[in-house]
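Participant: Take this structure first; my questions come after.
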Amino acid sequence: MHKTALEPIAQVSPTALRRWASALFGTTSIHAASIRIATLVLIVVAAAIVPHFTEFGNVQSLMYSVAAVGIGAIGMALVTLSGNLFMLSMGATAAVSTVMFAALIHLGLGTTLLLVVLSGLLMGIVQGGIIALGKANPIITTIATSSIIIGAGVIYTGGLTVIGKGDATWLGQGKLFGWLPTQILVLAIFAAIASFILQKSRIGREIRLLGMRAEVARIAGLRTMAATLVCYAFAGAAAALAGSLIASSSAQGNLTYGIDLDFNAIAAVLVGGISIRGGRGHISDAVTGAIFLAVIGNILLVSGVSYEYQLVAKGIVVLAAVVFGALLARLGPGRK
Amino acid sequence: MLQDANPGTEPVAAQSLLCARNLTKHYGGVKALTGVSLELAPGEIHALCGENGAGKSTFIKILGGLVQPDDGEITVDGHHLKLGNRTDPRLISIVHQELAIVPTLSVLDNILLGGADQSEIYRRSQYRDSVREHLDSVGLSHVKLDAPASRLSLAECQLVEIARGMSRQAKVLLLDEPTATLSDAEIVRVFDVARRLRDQGTAMIFVSHRLDEVFALTDRVTVFRNGQHVLTQRTSNMTTAEVIKAMIGRELVHSRAKPPERRADLAPRLSVSNLTVADKVEDLSADVAAGEILAVVGQLGSGAEVLVEALAGLRGDISNSVKVDGQAIKLDSIRSSLKAGIAYVAEDRADKGVFLDAPIAINITASVMAKFSKAGIMRRAGEQEEARRLASMFAIDPKRLPHEVSTLSGGNQQKVSLAKAVALAPRLLLLNEPTRGVDIGARAEIYSTLRKMADDGLAIVFYSTDLEEILELADTVLTVFRGRMVRHKPRFEIDGDTLLHDIVAGDSDASHGHVSFRNQPAQVDNA
């Protein structure tokens, strides 16, 4: 096994299998490749045997369920890649963002999106600053800020639903060519930006190297503080954008909307095959994880399985993915 | 919590108390031990000597069951050990070189930790009297049983470890550099304890870098070199010179041209004046010329390695004591030292030196990414070329550049670590143990590359505990003992004996006044 987390500079001479795999998936991690194959197989099988799976309405709802979680997972992926495990304030940020979105939508969709995403970015920067400068534990810091964010949200709304007085249909229900939800377009653009930063930019490489081994990065003189800040800023913005997508479909904001983004994003990151130890993985892995989970949830939904059982199934899938990843890591040569 | 120590033993016929036969251990391509055998008689103190990397620690770890050997067998007091399982502490007990003290536990609990009591209920009270006795005998009568270990000094922690080793009443006691942190008075006490245990029939292996201790205490001496057994002799039949020769494999005769002439009109490349690092280095001054390779030499804990780390910006603000090319520089962090043209290669490759899971090329250019980025975006072409240039400089196969560093041997990993620092085009290169765990071939390549760079005007300062390396590579040698400089001389004016004497005894006239230097507050860090 040869997991290359950073894009090789010159062409590695790959085995036939790997060349085939990388041509198809553009990936180098066995775990991530497996999930990609599994997702394809799942979709094909579901299309063949699950009734109503391929119906227009169902495909639409599947795409809508991917969009917000996918964006959250991309933000979470950056935090995980930088070696800071998970950001547990993303759900709170998304929930408060739905409220902000509804409260501001009368200003127009573009302005609202900008303001909401910017405030999420700021919340991320504050948390990143506490973690990078204050050397605070990332899990504890984000749990604490999560409580602050939700508390502030309740103070503002009194726990009530905020009804937006404006038009968010372009984002909420808009479709390109009559079938592609604009939310998927937003996801694609967001993924492209994150991927570019991570793969091509200097700060992106610093993020990966920091995640691989923080002490080596520090001694090598990398900008570790800036790298941490960028990750949390990006993740905060991602949570806010995800919240905006959720709020836009009904032009309403409520602190229960999007509150489970933490778990869903973490699940997507883990299932997608991004290493929890940091440094190893791609943005596309997180998106694949989100698609995989959405497809499973959708299959259960159209098969009439109730929400409780969907939750149980989701948990089992995440556990299986983590165990699978751990087994792969142990079987791989040259790795403890 | 009680350890689940599986005795894992079965009786066999016995002659000596401990008998290790044909122990072999390879780590990847690195041979840590090859076919090593050793026998211990009851009531014997047996010195184990060898340079760093000779295999002493691996040997000790195999005896303790912490490392599974590839081959070989061990019997203790007629019991076959199940290798790779933790050894029953009643048979073999180890006093570790790295302090194995839990700072939050009491002294009593620390001593009972992992002991022979395997019952599920922890009854510490019944051991109080015997533990008190052991503490008294190592000179810790002033230490309370219930005091947390965090209140102990470094030396006291070491003595607690020794008391723990005694309390196990093991047949065989392994002392892995037990005196490295102790003052002379404390060492005398430890020796008394060791002799008493010997008279009771305990067999001991005593690992030490200080040869004077070996001759003062031990009955027999065994020397390892490069993972192989070289000799076992009665200590009284040996001389210091003979032991040193056995350790490094040949007489210490090296010839090197004189160090580069210091040009009077040029400011020295590096000028250190009155450098003090709290509790580690006192009032140290030295100059290094461009093109000069300076070895800073001293035992672990002497402060020699701290000097190199301080220059790398790892030990706080030393701006006031350092000039580079005659100019005062800001030196309070790693980034400020990098900015001043000082590059540092850390001693621990895996944890500090290289990104094992990143490609070699990306490792090499990690510190100079700014040079190859425009508006924050990496420009691959120039970066590739630079990686190739540095790889060829260190004889790293350029075809392997896209591969991960973890696929390389230890020696080649070290070359990557060096290339990463050299990529900065530094004015001063700092090396901490430049070839630890590196095979002989790669070592020679590294030396010749470093020499070439020095000839081109680079100043190099390195810390090493490898005597051969120091004499091979250095133009000038600076020895440090207990935080103070002992000697600063050109290499050709120093021989191995002098060097060893400086390291283990300091400048004997002046050194004894500074015994108190070692009694610093406990610094038990779990990092």
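Every chain in the structure tokens has a letter given in the order shown (A, B, ...), and although residue numbers restart at 1 in each chain, ligands are simply numbered from 1 in the order shown.
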I'd like the neighbourhood of B:Thr232 as a list in words, where a residue qualifies if any of its atoms comes within 12 Å (using only C-alpha atoms), though same-chain residues fewer than 3 positions away should be ignored.
Facilitator: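 Here the answer would be Val36, Ser37, Leu38, Glu39, Leu40, His46, Ala47, Leu48, Cys49, Asp219, Arg220, Val221, Thr222, Val223, Phe224, Gln228, His229, Thr235, Ser236, Asn237, Met238, Glu242, Val243, Ala246 and Met247 of chain B.
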Participant: With a cut-off of 6 Å, could you pull out the residues of chain B touching chain A and give me the nearest pair of atoms for each, distance in Å to one decimal, using only C-alpha atoms, ordered by chain and ascending number, as JSON lines?
Facilitator:
```
{"residue": "B:Arg335", "atom": "CA", "partner": "A:Gly221", "partner_atom": "CA", "distance": 5.5}
{"residue": "B:Lys352", "atom": "CA", "partner": "A:Val216", "partner_atom": "CA", "distance": 4.3}
{"residue": "B:Gly353", "atom": "CA", "partner": "A:Val216", "partner_atom": "CA", "distance": 5.7}
{"residue": "B:Ser367", "atom": "CA", "partner": "A:Ala220", "partner_atom": "CA", "distance": 5.3}
{"residue": "B:Gly376", "atom": "CA", "partner": "A:Arg202", "partner_atom": "CA", "distance": 5.5}
{"residue": "B:Ile377", "atom": "CA", "partner": "A:Ser201", "partner_atom": "CA", "distance": 4.1}
{"residue": "B:Met378", "atom": "CA", "partner": "A:Ser201", "partner_atom": "CA", "distance": 5.4}
{"residue": "B:Pro402", "atom": "CA", "partner": "A:Pro8", "partner_atom": "CA", "distance": 4.9}
```
Participant: Please dump the current selection as a compact mmCIF listing (two decimals), in the first residue's frame; keep N, CA and C atoms.
Facilitator:
```
# COMPACT_ATOMS: atom_id res chain seq x y z
N ARG B 335 11.55 30.51 14.06
CA ARG B 335 11.42 31.31 12.85
C ARG B 335 12.44 32.44 12.82
N LYS B 352 10.78 14.84 14.71
CA LYS B 352 11.15 16.24 14.52
C LYS B 352 11.78 16.53 13.17
N GLY B 353 12.29 15.50 12.52
CA GLY B 353 13.13 15.76 11.35
C GLY B 353 12.42 15.74 10.00
N SER B 367 10.86 23.83 3.93
CA SER B 367 11.20 25.07 4.60
C SER B 367 11.38 26.25 3.65
N GLY B 376 0.86 33.00 -3.35
CA GLY B 376 0.35 31.92 -2.51
C GLY B 376 0.16 30.59 -3.23
N ILE B 377 0.40 30.57 -4.54
CA ILE B 377 0.21 29.32 -5.29
C ILE B 377 1.59 28.72 -5.59
N MET B 378 1.71 27.41 -5.36
CA MET B 378 2.99 26.76 -5.57
C MET B 378 3.30 26.66 -7.07
N PRO B 402 9.31 11.28 -5.72
CA PRO B 402 7.87 11.31 -5.45
C PRO B 402 7.43 10.31 -4.38
```
Participant: With only C-alpha atoms as the counted atoms, please give the residues lying no more than 12 Å from B:Ala147, apart from itself and same-chain residues fewer than 3 positions off, as a PyMOL selection string.
Facilitator: chain B and resi 103-110+142-144+150-152
Participant: For stretch 101-108 of chain A, list every protein, DNA or RNA residue within 9 Å, evaluated using only C-alpha atoms, and leave out those in the same chain fewer than 2 positions away; present the list as JSON, numbers by chain.
Facilitator: {"A": [96, 97, 98, 99, 110, 111, 112, 113, 115, 116, 162, 163, 164, 165, 166, 167, 168, 243, 244, 247, 248, 251, 252, 253, 254]}
Participant: Using DSSP secondary structure from the backbone, list all strand (DSSP E or B) positions within stretch 122-292 of chain A, as a VMD selection string.
Facilitator: chain A and resid 162 to 163 175 to 176 180 to 181 201 252 to 253
Participant: Considering only C-alpha atoms, return as an MDAnalysis selection string whatever protein or nucleic-acid residues lie within 7 Å of stretch 117-121 of chain A, sequence-local ones (same chain, fewer than 2 positions apart) excluded.
Facilitator: chainID A and resid 93 113:115 123:125 233:234 236:237 239:241
Participant: Take the residues just selected and output them with N, CA and C atoms as a JSON list (two decimals), in the first residue's frame.
Facilitator:
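Result saved to result-v4.json:
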```json
[["chain", "number", "residue", "atom", "x", "y", "z"],
["A", 93, "THR", "N", -23.12, 26.56, 14.51],
["A", 93, "THR", "CA", -22.92, 27.64, 13.54],
["A", 93, "THR", "C", -23.96, 27.57, 12.42],
["A", 113, "LEU", "N", -26.24, 36.02, 1.75],
["A", 113, "LEU", "CA", -25.25, 34.95, 1.72],
["A", 113, "LEU", "C", -23.88, 35.46, 2.17],
["A", 114, "LEU", "N", -23.51, 36.62, 1.63],
["A", 114, "LEU", "CA", -22.21, 37.19, 1.95],
["A", 114, "LEU", "C", -22.08, 37.44, 3.46],
["A", 115, "LEU", "N", -23.12, 38.08, 4.03],
["A", 115, "LEU", "CA", -23.07, 38.42, 5.45],
["A", 115, "LEU", "C", -23.03, 37.17, 6.32],
["A", 123, "MET", "N", -16.52, 33.54, 13.18],
["A", 123, "MET", "CA", -16.62, 32.60, 14.30],
["A", 123, "MET", "C", -15.52, 31.55, 14.20],
["A", 124, "GLY", "N", -15.24, 31.09, 13.00],
["A", 124, "GLY", "CA", -14.17, 30.12, 12.79],
["A", 124, "GLY", "C", -12.82, 30.70, 13.15],
["A", 125, "ILE", "N", -12.57, 31.94, 12.75],
["A", 125, "ILE", "CA", -11.27, 32.58, 13.03],
["A", 125, "ILE", "C", -11.06, 32.70, 14.54],
["A", 233, "ALA", "N", -11.32, 29.07, 9.86],
["A", 233, "ALA", "CA", -12.08, 30.09, 9.14],
["A", 233, "ALA", "C", -12.90, 29.44, 8.03],
["A", 234, "PHE", "N", -12.24, 28.55, 7.29],
["A", 234, "PHE", "CA", -12.91, 27.87, 6.19],
["A", 234, "PHE", "C", -14.06, 27.00, 6.70],
["A", 236, "GLY", "N", -15.73, 27.35, 9.52],
["A", 236, "GLY", "CA", -16.81, 28.21, 10.00],
["A", 236, "GLY", "C", -17.65, 28.71, 8.84],
["A", 237, "ALA", "N", -16.97, 29.14, 7.78],
["A", 237, "ALA", "CA", -17.68, 29.61, 6.60],
["A", 237, "ALA", "C", -18.50, 28.49, 5.98],
["A", 239, "ALA", "N", -19.84, 25.92, 7.52],
["A", 239, "ALA", "CA", -21.03, 25.68, 8.35],
["A", 239, "ALA", "C", -22.10, 26.73, 8.06],
["A", 240, "ALA", "N", -21.66, 28.00, 7.94],
["A", 240, "ALA", "CA", -22.61, 29.08, 7.67],
["A", 240, "ALA", "C", -23.27, 28.91, 6.31],
["A", 241, "LEU", "N", -22.48, 28.50, 5.33],
["A", 241, "LEU", "CA", -23.03, 28.29, 3.98],
["A", 241, "LEU", "C", -24.03, 27.12, 4.00]]
```
Participant: Apply DSSP to the backbone of this structure and, from stretch 122-335 of chain A, keep only the residues in helix (DSSP H, G or I); write these as a PyMOL selection string.
Facilitator: chain A and resi 122-133+138-157+169-172+182-200+202-212+214-219+224-248+261-272+283-302+307-331
Participant: Would you kindly return, as a ChimeraX atom specification, each protein, DNA or RNA residue with an atom no farther than 9 Å from any atom of stretch 154-166 of chain B, considering only C-alpha atoms and excluding same-chain residues fewer than 4 positions away?
Facilitator: /B:89,93-97,99-101,107,110-113,115,131,134-140,143,149-150,170,173-175,178-179,181-183,186,190,193,197,518-524
Participant: Could you work out how far atom CA of B:Leu401 lies from atom CA of B:Tyr447, giving the answer in Å with one decimal?
Facilitator: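 It comes out at 21.9 Å.
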Participant: With only C-alpha atoms as the basis for distance, which of A:Gly258, A:Gly289, A:Gly272, A:Gly57 is at the shortest distance from A:Met90?
Facilitator: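 Under the stated criterion, the closest residue is A:Gly258.
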Participant: For the atom pair atom CA of B:Glu404 and atom CA of B:Arg388, what is the interatomic distance in Å to one decimal place?
Facilitator: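 Answer for the atom CA of B:Glu404 to atom CA of B:Arg388 separation: 15.1 Å.
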Participant: If I take atom CA of A:Gly325 and atom CA of A:Gly83, how far is one from the other in Å, to one decimal?
Facilitator: 17.0 Å
Participant: Give me, as a list of chain:residue names, all polymer residues having an atom no more than 12 Å from B:Lys245, counting only C-alpha atoms and skipping those fewer than 2 positions away in the same chain.
Facilitator: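 Once the nearby chain positions are removed, what remains is B:Cys49, B:Gly50, B:Glu51, B:Val223, B:Phe224, B:Arg225, B:Val230, B:Leu231, B:Met238, B:Thr239, B:Thr240, B:Ala241, B:Glu242, B:Val243, B:Met247, B:Ile248, B:Gly249, B:Arg250, B:Glu251, B:Leu252, B:Val253, B:Leu467, B:Glu468, B:Gly496, B:Asp497, B:Leu500.
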Participant: Mind dumping the selected residues with N, CA, C and O atoms as a CSV table (one decimal), in the first residue's frame?
Facilitator:
```csv
chain,number,residue,atom,x,y,z
B,49,CYS,N,29.3,-1.9,28.1
B,49,CYS,CA,29.8,-0.7,27.5
B,49,CYS,C,29.6,-0.7,26.0
B,49,CYS,O,29.6,-1.8,25.4
B,50,GLY,N,29.6,0.4,25.4
B,50,GLY,CA,29.5,0.5,24.0
B,50,GLY,C,29.1,1.9,23.6
B,50,GLY,O,28.5,2.6,24.4
B,51,GLU,N,29.4,2.3,22.4
B,51,GLU,CA,29.0,3.6,21.9
B,51,GLU,C,27.5,3.7,21.8
B,51,GLU,O,26.8,2.6,21.8
B,223,VAL,N,31.8,-5.5,26.2
B,223,VAL,CA,31.7,-4.4,25.2
B,223,VAL,C,30.9,-4.8,24.0
B,223,VAL,O,31.2,-5.9,23.5
B,224,PHE,N,29.9,-4.0,23.6
B,224,PHE,CA,29.2,-4.2,22.3
B,224,PHE,C,29.7,-3.2,21.3
B,224,PHE,O,30.1,-2.1,21.7
B,225,ARG,N,29.7,-3.6,20.1
B,225,ARG,CA,30.0,-2.6,19.0
B,225,ARG,C,29.2,-2.9,17.8
B,225,ARG,O,29.2,-4.0,17.3
B,230,VAL,N,31.8,-7.8,21.5
B,230,VAL,CA,33.2,-7.7,21.2
B,230,VAL,C,34.1,-8.4,22.2
B,230,VAL,O,35.0,-9.2,21.8
B,231,LEU,N,33.9,-8.2,23.5
B,231,LEU,CA,34.6,-8.9,24.5
B,231,LEU,C,33.9,-8.9,25.8
B,231,LEU,O,33.1,-8.1,26.1
B,238,MET,N,41.5,-5.1,32.7
B,238,MET,CA,41.4,-4.1,31.6
B,238,MET,C,42.0,-2.8,32.0
B,238,MET,O,42.0,-2.4,33.2
B,239,THR,N,42.3,-2.0,31.0
B,239,THR,CA,42.6,-0.6,31.2
B,239,THR,C,41.6,0.3,30.5
B,239,THR,O,40.9,-0.2,29.6
B,240,THR,N,41.5,1.5,30.9
B,240,THR,CA,40.5,2.4,30.2
B,240,THR,C,40.8,2.4,28.7
B,240,THR,O,39.8,2.4,27.9
B,241,ALA,N,42.0,2.5,28.3
B,241,ALA,CA,42.4,2.6,26.9
B,241,ALA,C,41.9,1.4,26.2
B,241,ALA,O,41.4,1.5,25.0
B,242,GLU,N,42.0,0.2,26.8
B,242,GLU,CA,41.6,-1.0,26.1
B,242,GLU,C,40.1,-1.1,25.9
B,242,GLU,O,39.6,-1.5,24.9
B,243,VAL,N,39.4,-0.6,27.0
B,243,VAL,CA,37.9,-0.6,26.8
B,243,VAL,C,37.5,0.4,25.7
B,243,VAL,O,36.6,0.1,24.9
B,247,MET,N,35.5,-0.4,22.3
B,247,MET,CA,34.2,0.3,22.0
B,247,MET,C,34.2,0.9,20.6
B,247,MET,O,33.1,0.8,19.9
B,248,ILE,N,35.3,1.5,20.2
B,248,ILE,CA,35.2,2.2,18.9
B,248,ILE,C,36.0,1.4,17.8
B,248,ILE,O,35.9,1.8,16.6
B,249,GLY,N,36.6,0.2,18.2
B,249,GLY,CA,37.0,-0.7,17.1
B,249,GLY,C,38.4,-0.4,16.6
B,249,GLY,O,38.9,-1.2,15.8
B,250,ARG,N,39.0,0.7,17.0
B,250,ARG,CA,40.4,0.9,16.5
B,250,ARG,C,41.0,1.9,17.4
B,250,ARG,O,40.3,2.6,18.2
B,251,GLU,N,42.3,2.1,17.3
B,251,GLU,CA,42.9,3.2,18.1
B,251,GLU,C,42.3,4.5,17.5
B,251,GLU,O,42.0,4.6,16.4
B,252,LEU,N,42.3,5.5,18.4
B,252,LEU,CA,41.8,6.8,18.0
B,252,LEU,C,42.9,7.6,17.3
B,252,LEU,O,43.4,8.5,17.9
B,253,VAL,N,43.2,7.1,16.1
B,253,VAL,CA,44.2,7.9,15.4
B,253,VAL,C,43.6,8.5,14.1
B,253,VAL,O,43.1,7.7,13.3
B,467,LEU,N,31.8,9.2,19.6
B,467,LEU,CA,33.2,9.7,19.6
B,467,LEU,C,33.8,9.6,18.3
B,467,LEU,O,34.6,10.6,17.9
B,468,GLU,N,33.6,8.5,17.6
B,468,GLU,CA,34.2,8.4,16.3
B,468,GLU,C,33.8,9.5,15.3
B,468,GLU,O,34.6,10.0,14.6
B,496,GLY,N,41.3,10.9,21.6
B,496,GLY,CA,40.1,10.3,22.2
B,496,GLY,C,40.1,10.3,23.7
B,496,GLY,O,39.1,10.5,24.3
B,497,ASP,N,41.2,10.0,24.3
B,497,ASP,CA,41.3,9.9,25.7
B,497,ASP,C,41.0,11.2,26.4
B,497,ASP,O,40.2,11.3,27.3
B,500,LEU,N,37.3,11.9,26.0
B,500,LEU,CA,36.5,11.1,26.9
B,500,LEU,C,36.6,11.6,28.4
B,500,LEU,O,35.6,11.6,29.1
```
Participant: Given the choices A:Ile131, A:Ile266, A:Ala38, A:Ala188, which gets closest to A:Leu319 if the distance is worked out from only C-alpha atoms?
Facilitator: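 Of the candidates, the smallest distance to A:Leu319 is held by A:Ile266.
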